[in-house]
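Engineer: Structure supplied as work_30.cif; contents: mmCIF, C-alpha atoms.
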```
data_structure
#
loop_
_atom_site.label_atom_id
_atom_site.label_comp_id
_atom_site.auth_asym_id
_atom_site.auth_seq_id
_atom_site.Cartn_x
_atom_site.Cartn_y
_atom_site.Cartn_z
CA MET Y 30 -32.85 9.19 55.61
CA GLY Y 31 -31.78 9.48 59.24
CA LYS Y 32 -34.93 7.69 60.37
CA ARG Y 33 -34.31 4.84 57.98
CA ARG Y 34 -30.81 4.44 59.39
CA ALA Y 35 -32.14 4.47 62.97
CA ASP Y 36 -34.68 1.74 62.16
CA LYS Y 37 -32.14 -0.45 60.42
CA GLY Y 38 -31.27 -2.66 63.39
CA ILE Y 39 -34.88 -3.32 64.46
CA VAL Y 40 -36.11 -6.81 63.79
CA LYS Y 41 -39.90 -6.76 63.67
CA PRO Y 42 -41.49 -9.88 65.19
CA ALA Y 43 -43.42 -10.41 61.97
CA GLU Y 44 -40.09 -10.72 60.17
CA GLN Y 45 -38.93 -13.34 62.64
CA ASP Y 46 -40.03 -16.93 62.52
CA PRO Y 47 -42.45 -16.99 65.48
CA ASP Y 48 -41.90 -20.72 66.07
CA ARG Y 49 -38.17 -20.14 66.26
CA LEU Y 50 -38.57 -17.34 68.81
CA ALA Y 51 -40.94 -19.51 70.87
CA LEU Y 52 -38.57 -22.50 70.94
CA LEU Y 53 -35.49 -20.46 71.81
CA LEU Y 54 -37.35 -18.66 74.55
CA LEU Y 55 -38.83 -21.82 76.05
CA ARG Y 56 -35.40 -23.45 76.26
CA TYR Y 57 -33.91 -20.29 77.75
CA ALA Y 58 -36.72 -20.01 80.29
CA TYR Y 59 -36.28 -23.61 81.50
CA GLN Y 60 -32.52 -23.11 81.84
CA TYR Y 61 -32.82 -19.79 83.64
CA ALA Y 62 -35.56 -21.15 85.92
CA ALA Y 63 -33.31 -24.06 86.91
CA SER Y 64 -30.64 -21.62 87.99
CA VAL Y 65 -33.02 -19.32 89.90
CA GLY Y 66 -34.86 -22.26 91.50
CA TRP Y 67 -31.63 -23.86 92.64
CA LYS Y 68 -30.40 -20.64 94.21
CA VAL Y 69 -33.59 -19.85 96.13
CA GLN Y 70 -34.17 -23.55 96.90
CA ASP Y 71 -37.57 -23.54 95.23
CA ARG Y 72 -38.27 -26.89 93.66
CA ALA Y 73 -41.26 -25.65 91.66
CA ILE Y 74 -39.22 -22.95 89.93
CA ALA Y 75 -36.20 -25.24 89.42
CA ARG Y 76 -38.46 -27.85 87.89
CA GLY Y 77 -39.94 -25.32 85.49
CA GLU Y 78 -43.49 -25.30 86.87
CA GLY Y 79 -45.62 -22.80 84.92
CA ILE Y 80 -42.79 -21.92 82.55
CA GLU Y 81 -44.90 -22.40 79.44
CA ASP Y 82 -47.49 -19.87 80.64
CA LEU Y 83 -44.74 -17.41 81.39
CA VAL Y 84 -43.26 -17.89 77.91
CA GLN Y 85 -46.71 -17.44 76.32
CA ASP Y 86 -47.13 -14.14 78.19
CA ALA Y 87 -43.69 -13.03 77.06
CA LEU Y 88 -44.51 -13.81 73.42
CA ALA Y 89 -47.82 -11.93 73.72
CA SER Y 90 -45.90 -8.86 74.90
CA LEU Y 91 -44.34 -8.58 71.43
CA HIS Y 92 -47.73 -7.56 70.02
CA GLY Y 93 -49.70 -6.20 72.98
CA GLY Y 94 -50.47 -7.29 76.52
CA ASP Y 95 -49.67 -5.21 79.59
CA PRO Y 96 -48.48 -1.79 78.29
CA LYS Y 97 -45.78 -1.65 80.99
CA ARG Y 98 -44.25 -4.88 79.75
CA ARG Y 99 -44.83 -4.37 76.03
CA TRP Y 100 -41.89 -4.67 73.63
CA ASP Y 101 -40.13 -1.38 73.08
CA CYS Y 102 -38.34 -1.89 69.78
CA GLN Y 103 -36.24 1.25 70.27
CA LYS Y 104 -34.91 -0.07 73.59
CA HIS Y 105 -34.48 -3.68 72.44
CA PRO Y 106 -34.13 -3.81 68.64
CA ASP Y 107 -33.74 -7.59 68.83
CA PRO Y 108 -37.05 -9.09 70.10
CA MET Y 109 -35.13 -11.95 71.72
CA ASP Y 110 -33.43 -9.48 74.08
CA HIS Y 111 -36.85 -8.20 75.15
CA LEU Y 112 -38.19 -11.75 75.59
CA ARG Y 113 -35.26 -12.80 77.77
CA SER Y 114 -35.62 -9.67 79.87
CA PHE Y 115 -39.37 -10.39 80.31
CA VAL Y 116 -38.64 -13.94 81.48
CA ASN Y 117 -35.85 -12.80 83.85
CA SER Y 118 -38.10 -10.20 85.40
CA ARG Y 119 -41.02 -12.61 85.95
CA LEU Y 120 -38.76 -15.29 87.42
CA SER Y 121 -37.17 -12.76 89.77
CA SER Y 122 -40.66 -11.79 90.96
CA LEU Y 123 -41.48 -15.46 91.57
CA ALA Y 124 -38.27 -15.85 93.56
CA ARG Y 125 -39.18 -12.78 95.64
CA CYS Y 126 -42.62 -14.30 96.33
CA TYR Y 127 -40.79 -17.39 97.52
CA ASP Y 128 -38.76 -15.30 99.99
CA ARG Y 129 -41.92 -13.67 101.31
CA LYS Y 130 -43.71 -16.95 101.92
CA HIS Y 131 -40.69 -18.26 103.83
CA VAL Y 132 -39.84 -15.29 105.98
CA LYS Y 133 -42.24 -13.25 108.05
CA TYR Y 134 -40.84 -9.86 109.00
CA SER Y 135 -41.61 -8.45 112.42
CA VAL Y 136 -44.19 -5.64 112.51
CA ASP Y 137 -42.06 -3.81 115.08
CA PRO Y 138 -39.81 -1.50 113.02
CA GLU Y 139 -37.30 -1.38 115.88
CA GLN Y 140 -36.91 -5.12 115.74
CA HIS Y 141 -35.20 -6.00 112.50
CA ALA Y 142 -34.91 -9.74 113.13
CA VAL Y 143 -37.12 -11.95 110.98
CA THR Y 144 -39.77 -14.14 112.55
CA GLU Y 145 -39.96 -17.69 111.33
CA THR Y 146 -43.22 -19.58 111.72
CA PRO Y 147 -43.40 -23.37 112.29
CA GLU Y 148 -44.83 -23.73 108.75
CA SER Y 149 -42.04 -21.71 107.16
CA LEU Y 150 -39.44 -23.71 109.13
CA LEU Y 151 -40.96 -26.98 107.96
CA MET Y 152 -41.01 -25.77 104.37
CA LYS Y 153 -37.44 -24.57 104.65
CA ASP Y 154 -36.39 -27.99 106.00
CA GLN Y 155 -38.16 -29.77 103.13
CA GLU Y 156 -36.54 -27.59 100.52
CA GLU Y 157 -33.11 -27.85 102.08
CA ALA Y 158 -33.51 -31.64 101.98
CA TRP Y 159 -34.61 -31.37 98.33
CA ARG Y 160 -31.56 -29.30 97.46
CA ALA Y 161 -29.19 -31.66 99.33
CA ARG Y 162 -30.63 -34.67 97.49
CA LEU Y 163 -30.43 -32.92 94.14
CA ARG Y 164 -26.82 -31.97 94.85
CA ASP Y 165 -26.01 -35.63 95.66
CA LEU Y 166 -27.62 -36.82 92.45
CA VAL Y 167 -25.78 -34.24 90.33
CA LEU Y 168 -22.41 -34.94 91.96
CA THR Y 169 -22.81 -38.71 91.62
CA GLU Y 170 -23.33 -38.30 87.89
CA ILE Y 171 -20.53 -35.75 87.47
CA LEU Y 172 -18.03 -38.13 89.09
CA GLY Y 173 -18.07 -40.35 86.01
CA ASP Y 174 -17.03 -37.50 83.68
CA ASN Y 175 -13.43 -36.23 84.01
CA VAL Y 176 -14.04 -32.98 82.15
CA LEU Y 177 -17.11 -32.15 84.23
CA VAL Y 178 -15.19 -32.94 87.44
CA ALA Y 179 -12.48 -30.48 86.34
CA VAL Y 180 -15.13 -27.87 85.47
CA TYR Y 181 -16.86 -28.36 88.81
CA ASP Y 182 -13.60 -28.11 90.75
CA LEU Y 183 -12.68 -24.90 88.94
CA LEU Y 184 -16.11 -23.32 89.51
CA GLU Y 185 -15.95 -24.21 93.18
CA LYS Y 186 -12.90 -21.99 93.51
CA GLU Y 187 -13.30 -19.27 90.92
CA GLU Y 188 -15.76 -17.40 88.81
CA VAL Y 189 -15.84 -18.20 85.09
CA ALA Y 190 -17.88 -15.97 82.83
CA SER Y 191 -18.18 -17.93 79.58
CA PRO Y 192 -17.47 -21.25 77.86
CA ALA Y 193 -14.55 -19.50 76.08
CA GLU Y 194 -12.99 -18.58 79.43
CA LEU Y 195 -13.68 -22.08 80.72
CA ALA Y 196 -11.92 -23.57 77.70
CA GLN Y 197 -8.93 -21.32 78.21
CA ARG Y 198 -8.63 -22.04 81.95
CA LEU Y 199 -8.86 -25.80 81.55
CA ASN Y 200 -6.90 -26.04 78.33
CA LEU Y 201 -9.87 -27.41 76.43
CA SER Y 202 -11.05 -26.64 72.94
CA LEU Y 203 -14.08 -24.35 72.81
CA GLU Y 204 -16.07 -27.23 71.36
CA ASP Y 205 -15.14 -29.45 74.35
CA ALA Y 206 -16.16 -26.70 76.77
CA LYS Y 207 -19.51 -26.30 75.00
CA ASN Y 208 -20.07 -30.05 75.00
CA ALA Y 209 -19.28 -30.20 78.72
CA LYS Y 210 -21.88 -27.51 79.25
CA LYS Y 211 -24.46 -29.59 77.31
CA ARG Y 212 -23.55 -32.75 79.25
CA PHE Y 213 -24.02 -30.89 82.50
CA ARG Y 214 -27.47 -29.77 81.36
CA ARG Y 215 -28.41 -33.42 80.72
CA VAL Y 216 -27.03 -34.41 84.15
CA TRP Y 217 -29.24 -31.75 85.72
CA GLU Y 218 -32.35 -32.87 83.82
CA ARG Y 219 -31.78 -36.50 84.83
CA ALA Y 220 -31.28 -35.50 88.47
CA ILE Y 221 -34.53 -33.50 88.49
CA ALA Y 222 -36.38 -36.43 86.86
CA THR Y 223 -34.97 -38.88 89.44
CA LEU Y 224 -36.01 -36.60 92.27
CA ASP Y 225 -39.51 -36.23 90.82
CA ALA Y 226 -39.77 -40.02 90.61
CA GLU Y 227 -38.64 -40.39 94.24
CA THR Y 228 -40.94 -37.74 95.67
CA PRO Y 229 -43.75 -37.09 93.22
CA TRP Y 230 -45.60 -33.82 93.04
CA PRO Y 231 -49.27 -33.65 94.01
CA GLY Y 232 -51.35 -35.39 91.36
CA GLU Y 233 -48.36 -37.30 89.99
CA SER Y 234 -47.33 -40.83 90.85
CA ALA Y 235 -43.82 -42.22 91.32
CA HIS Y 236 -42.55 -44.27 88.39
CA GLY Y 237 -41.76 -47.93 89.04
CA MET Z 15 -11.82 -33.38 93.91
CA VAL Z 16 -15.62 -33.28 93.95
CA GLU Z 17 -16.99 -33.73 97.41
CA GLN Z 18 -19.72 -32.13 99.49
CA LYS Z 19 -18.36 -29.02 101.16
CA LYS Z 20 -20.84 -26.75 102.83
CA ASN Z 21 -19.28 -23.31 102.63
CA ASP Z 22 -17.61 -23.44 99.24
CA ARG Z 23 -18.71 -21.44 96.24
CA ASP Z 24 -21.92 -22.73 94.74
CA ALA Z 25 -20.40 -24.67 91.83
CA ILE Z 26 -23.73 -26.18 90.78
CA GLY Z 27 -25.29 -22.73 90.60
CA ALA Z 28 -22.28 -21.51 88.60
CA LEU Z 29 -22.57 -24.50 86.25
CA LEU Z 30 -26.27 -23.81 85.78
CA ASP Z 31 -25.53 -20.17 84.95
CA LEU Z 32 -22.81 -21.19 82.55
CA SER Z 33 -25.05 -23.68 80.77
CA ILE Z 34 -27.77 -21.13 79.97
CA ASP Z 35 -27.85 -21.13 76.21
CA VAL Z 36 -28.35 -17.91 74.31
CA GLN Z 37 -27.35 -19.44 70.98
CA GLN Z 38 -29.83 -18.91 68.15
CA ASP Z 39 -30.28 -22.47 66.92
CA ALA Z 40 -33.95 -23.43 67.04
CA ASP Z 41 -33.33 -27.05 65.98
CA ASP Z 42 -30.94 -27.53 68.91
CA ALA Z 43 -33.48 -25.92 71.22
CA ALA Z 44 -36.25 -28.23 69.98
CA GLU Z 45 -34.04 -31.27 70.40
CA GLU Z 46 -33.06 -30.29 73.95
CA LEU Z 47 -36.65 -29.58 74.89
CA ARG Z 48 -37.77 -32.96 73.56
CA ALA Z 49 -34.99 -34.64 75.55
CA MET Z 50 -36.40 -32.92 78.63
CA GLY Z 51 -39.79 -34.45 77.91
CA VAL Z 52 -41.43 -31.27 76.58
CA ASP Z 53 -44.15 -31.77 73.97
CA VAL Z 54 -42.64 -29.31 71.49
CA ASP Z 55 -45.35 -29.67 68.82
CA GLY Z 56 -48.08 -29.22 71.41
CA PHE Z 57 -46.35 -26.14 72.77
CA LEU Z 58 -46.03 -24.56 69.30
CA MET Z 59 -49.66 -25.35 68.62
CA ARG Z 60 -50.71 -23.58 71.83
CA VAL Z 61 -48.53 -20.56 70.95
CA ARG Z 62 -50.19 -20.32 67.50
CA GLU Z 63 -53.67 -20.72 68.98
CA ARG Z 64 -53.09 -17.96 71.51
CA ARG Z 65 -51.73 -15.63 68.81
CA ALA Z 66 -54.76 -16.37 66.60
CA ARG Z 67 -57.06 -15.64 69.54
CA GLU Z 68 -55.28 -12.36 70.25
CA LEU Z 69 -55.45 -11.31 66.61
CA ASP Z 70 -59.15 -12.09 66.60
CA GLU Z 71 -59.64 -10.00 69.75
CA GLU Z 72 -57.68 -7.13 68.18
CA ARG Z 73 -59.86 -7.27 65.07
CA THR Z 74 -63.10 -7.16 67.03
CA ALA Z 75 -61.96 -4.74 69.75
CA TRP Z 76 -63.78 -1.77 68.16
CA LEU Z 77 -67.01 -3.75 68.13
CA ARG Z 78 -66.68 -4.59 71.82
CA VAL Z 79 -66.07 -0.93 72.69
CA ALA Z 80 -69.05 0.16 70.58
CA ARG Z 81 -71.32 -2.47 72.14
CA ALA Z 82 -70.23 -1.53 75.65
CA GLY Z 83 -71.00 2.13 74.92
CA LEU Z 84 -74.40 1.26 73.51
CA GLY Z 85 -75.26 -0.84 76.53
CA THR Z 86 -74.26 1.91 78.93
CA GLU Z 87 -76.35 4.50 77.12
CA SER Z 88 -79.49 2.33 77.09
CA ALA Z 89 -78.97 1.30 80.67
CA ARG Z 90 -78.59 4.91 81.75
CA ALA Z 91 -81.78 5.96 79.88
CA SER Z 92 -83.92 3.06 81.04
CA SER Z 93 -82.79 3.52 84.66
CA LYS Z 94 -84.38 6.99 84.52
CA TYR Z 95 -87.78 5.35 84.05
CA ALA Z 96 -87.26 2.20 86.07
CA GLU Z 97 -88.63 3.70 89.28
CA MET Z 98 -91.72 5.26 87.67
CA ASN Z 99 -95.13 3.65 88.08
CA HIS Z 100 -97.66 3.33 85.26
CA ALA Z 101 -99.36 6.70 85.88
CA GLN Z 102 -96.02 8.50 86.00
CA LEU Z 103 -94.90 6.81 82.77
CA VAL Z 104 -98.12 7.86 81.01
CA ALA Z 105 -97.76 11.43 82.31
CA GLU Z 106 -94.13 11.52 81.13
CA PHE Z 107 -95.18 10.28 77.71
CA ARG Z 108 -97.96 12.88 77.38
CA ARG Z 109 -95.53 15.61 78.36
CA ARG Z 110 -93.44 14.84 75.26
CA PRO Z 111 -93.71 17.18 72.25
CA GLN Z 112 -93.92 14.29 69.74
CA GLN Z 113 -97.68 14.54 69.45
CA GLN Z 114 -97.80 12.46 66.33
CA ALA Z 115 -96.46 9.49 68.23
CA SER Z 116 -99.27 9.57 70.76
CA SER Z 117 -101.85 9.39 67.99
CA PHE Z 118 -100.87 5.78 67.45
CA PHE Z 119 -101.73 4.96 71.03
CA HIS Z 120 -105.28 5.94 71.85
CA LYS Z 121 -105.32 3.91 75.01
CA LEU Z 122 -102.04 4.74 76.68
CA GLU Z 123 -103.33 3.23 79.91
CA GLU Z 124 -103.41 -0.18 78.28
CA ILE Z 125 -99.77 -0.18 77.23
CA LYS Z 126 -97.50 -2.26 79.41
CA ASP Z 127 -95.03 -0.37 81.64
CA GLU Z 128 -92.06 -2.04 79.97
CA ASP Z 129 -93.26 -0.91 76.53
CA LEU Z 130 -93.82 2.62 77.78
CA ARG Z 131 -90.28 2.67 79.15
CA THR Z 132 -88.90 1.49 75.81
CA LEU Z 133 -90.95 4.13 74.01
CA LEU Z 134 -89.63 6.86 76.28
CA VAL Z 135 -86.04 5.71 75.77
CA ASP Z 136 -86.63 5.78 71.99
CA LEU Z 137 -88.06 9.29 72.22
CA ASP Z 138 -85.03 10.37 74.25
CA ASP Z 139 -82.77 8.98 71.53
CA LEU Z 140 -84.82 10.80 68.91
CA GLU Z 141 -84.52 14.09 70.81
CA ASP Z 142 -80.76 13.57 71.19
CA GLY Z 143 -80.53 13.03 67.43
CA GLU Z 144 -82.49 16.21 66.68
CA GLU Z 145 -80.31 18.22 69.05
CA GLY Z 146 -77.19 16.90 67.35
CA ALA Z 147 -78.59 17.62 63.85
CA PRO Z 148 -77.24 20.67 62.00
#
```
Turn this file's structure into C-alpha cells for me.
Structural biologist:
Amino acid sequence: MGKRRADKGIVKPAEQDPDRLALLLLRYAYQYAASVGWKVQDRAIARGEGIEDLVQDALASLHGGDPKRRWDCQKHPDPMDHLRSFVNSRLSSLARCYDRKHVKYSVDPEQHAVTETPESLLMKDQEEAWRARLRDLVLTEILGDNVLVAVYDLLEKEEVASPAELAQRLNLSLEDAKNAKKRFRRVWERAIATLDAETPWPGESAHG
Amino acid sequence: MVEQKKNDRDAIGALLDLSIDVQQDADDAAEELRAMGVDVDGFLMRVRERRARELDEERTAWLRVARAGLGTESARASSKYAEMNHAQLVAEFRRRPQQQASSFFHKLEEIKDEDLRTLLVDLDDLEDGEEGAP
C-alpha cells in the first residue's frame, strides 16, 4: 500500500509520448545553450552546435546509457526534470572546456596569475567581436519594439525571476509578458542567423 | 533607454534566461524549432532510430556476452598449443586417456598441426565436461 503511494508520482518514460519529450527537450536545450554560449562568449554553444547529439544522449539516459547519468526515477519522478538536468550538466561541462582552452594556468603554484597565449588572446578577441556584433544586432531589433525596450531597460537595472514578475513590474498582462519573451527569442534567432550569414562557419557559405 | 553600456548588468543574458521555456506544449516547441530552421521530422526520425537500435542491442546483449565468453575460452585453450611443434602435439595427444579417439587416427604424424590443435582443444572441452558431470 505504502509502496504504491510512493510510486504514484513517477511518470515512466514508456507512459510518456517519446516524441513530445524529445521536442520539448530539444527546444529547451537550444534555449539554454543560447544563454550559456552568450555568457561564456562561445559562438558554437550559443549557436547550438552539437545540441541534437546532446539531446539524443539525454533521451538514451532514460533507458540506459552511462550508469552515472542514468535516470533515477526516485530522485526525479518527472522524466523531464531529469532530462533538463542532464542537458544543463553537459552544457556546463562544455562551458568549462571553453574556459580551459582560453586560459592557461601557470604551473608555478606560487604564481596564481593566468598565462594567456597568443592563440588564446586571438580567440578571445574574435569571440569578443562576435559578442559585440551580436549585441548590436539584438539591440537594433529591440529598438523597434516598445515593450521589449521596457523589458530590456528593466533587466539592465534589476533582476527579474519570471514572466509573472516581469508583468507585474511593467504593468503588463501575463500574456503580454509571455509574448514579449517569445518575440525576444525570435529577435535572438534572427540575430544569430544574420551573424552566421556575415561570417560563415567552416564548410558553410555566406548567403547572398 | 537602450544603448551600449559596458559595465551594466547583462540584460541580454537576463532576457535569454527569462525566455527559456519550460512549458509543456509540444506543438509550440515544434513550431518554434521549425522557425529556427530545425528539421523537426528528421530529428524525431533519428530519435526513433536510435531508440530502436538501443532496444535491439538490449535484446541481443546476452548473445554478445555469451559469444565473447566462448571466444575467450577457445582462445585460451588454443594458445596453450600454439607454441608446440608437430612432435610435441603428437606426444600431447598420445598422452591423453581417450584411447578410443586415437584409434581413428592410425597415422597421427600425417595430421596437420592445426587439426591436432583443434583436436586437443576438443579433448580439453570433453574433459572439462566430464569433470563438471555429476
Engineer: Provide the atom CA of Y:Ser114 to atom CA of Y:Ala58 distance in Å, to one decimal place.
Structural biologist: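 These atoms are spaced 10.4 Å apart.
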Engineer: Please return, as a ChimeraX atom specification, all residues of chain Y lying within 9 Å of chain Z when only C-alpha atoms are considered.
Structural biologist: /Y:47-57,59-61,63-65,67-68,81,85,88-89,92-93,164-165,167-168,171-172,178-192,207,209-211,213-215,217-219,222
Engineer: Identify which of the residues Z:Leu103, Z:Leu137, Z:Ala80, Z:Arg109 lies closest to Z:Glu124, counting all atoms listed in the file when measuring atom-to-atom distances.
Structural biologist: Z:Leu103
Engineer: Please, what distance in Å, to one decimal, runs between atom CA of Y:Asp205 and atom CA of Y:Ala62?
Structural biologist: 24.9 Å
Engineer: Report, in Å to a single decimal, how far apart atom CA of Y:Ile74 and atom CA of Y:Pro96 are.
Structural biologist: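 Separation of atom CA of Y:Pro96 and atom CA of Y:Ile74: 25.9 Å.
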Engineer: Could you put an axis-aligned box around every listed atom of stretch 20-36 of chain Z, padded by 6 Å on each side, and send me its centre and edge lengths in Å to one decimal, as lines of an AutoDock Vina configuration file?
Structural biologist:
```
center_x = -23.0
center_y = -22.3
center_z = 88.6
size_x = 22.7
size_y = 20.8
size_z = 40.5
```
Engineer: Skipping near chain neighbours, those fewer than 4 positions away, what residues fall within 8 Å of Y:Ala206 using only C-alpha atoms, listed as a PDB file with C-alpha atoms, keeping the file's coordinate frame?
Structural biologist:
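Output contents, as saved in out04.pdb:
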```pdb
ATOM      1  CA  PRO Y 192     -17.470 -21.250  77.860  1.00  0.00           C
ATOM      2  CA  ALA Y 193     -14.550 -19.500  76.080  1.00  0.00           C
ATOM      3  CA  LEU Y 195     -13.680 -22.080  80.720  1.00  0.00           C
ATOM      4  CA  ALA Y 196     -11.920 -23.570  77.700  1.00  0.00           C
ATOM      5  CA  LEU Y 201      -9.870 -27.410  76.430  1.00  0.00           C
ATOM      6  CA  SER Y 202     -11.050 -26.640  72.940  1.00  0.00           C
ATOM      7  CA  LYS Y 210     -21.880 -27.510  79.250  1.00  0.00           C
TER       8      LYS Y 210
END
```
Engineer: Would you please work out which residue, of Z:Ala66, Z:Ala101, Z:Ala96, Z:Ala75, is nearest to Z:Thr132 when using all atoms listed in the file?
Structural biologist: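 Answer, going by the shortest atom-to-atom distance: Z:Ala96.
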Engineer: Which one is closest to Y:Glu170: Y:Val216, Y:Lys97, Y:Gln197, Y:Ala124? Count all atoms listed in the file.
Structural biologist: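 Selected residue with least distance to Y:Glu170: Y:Val216.
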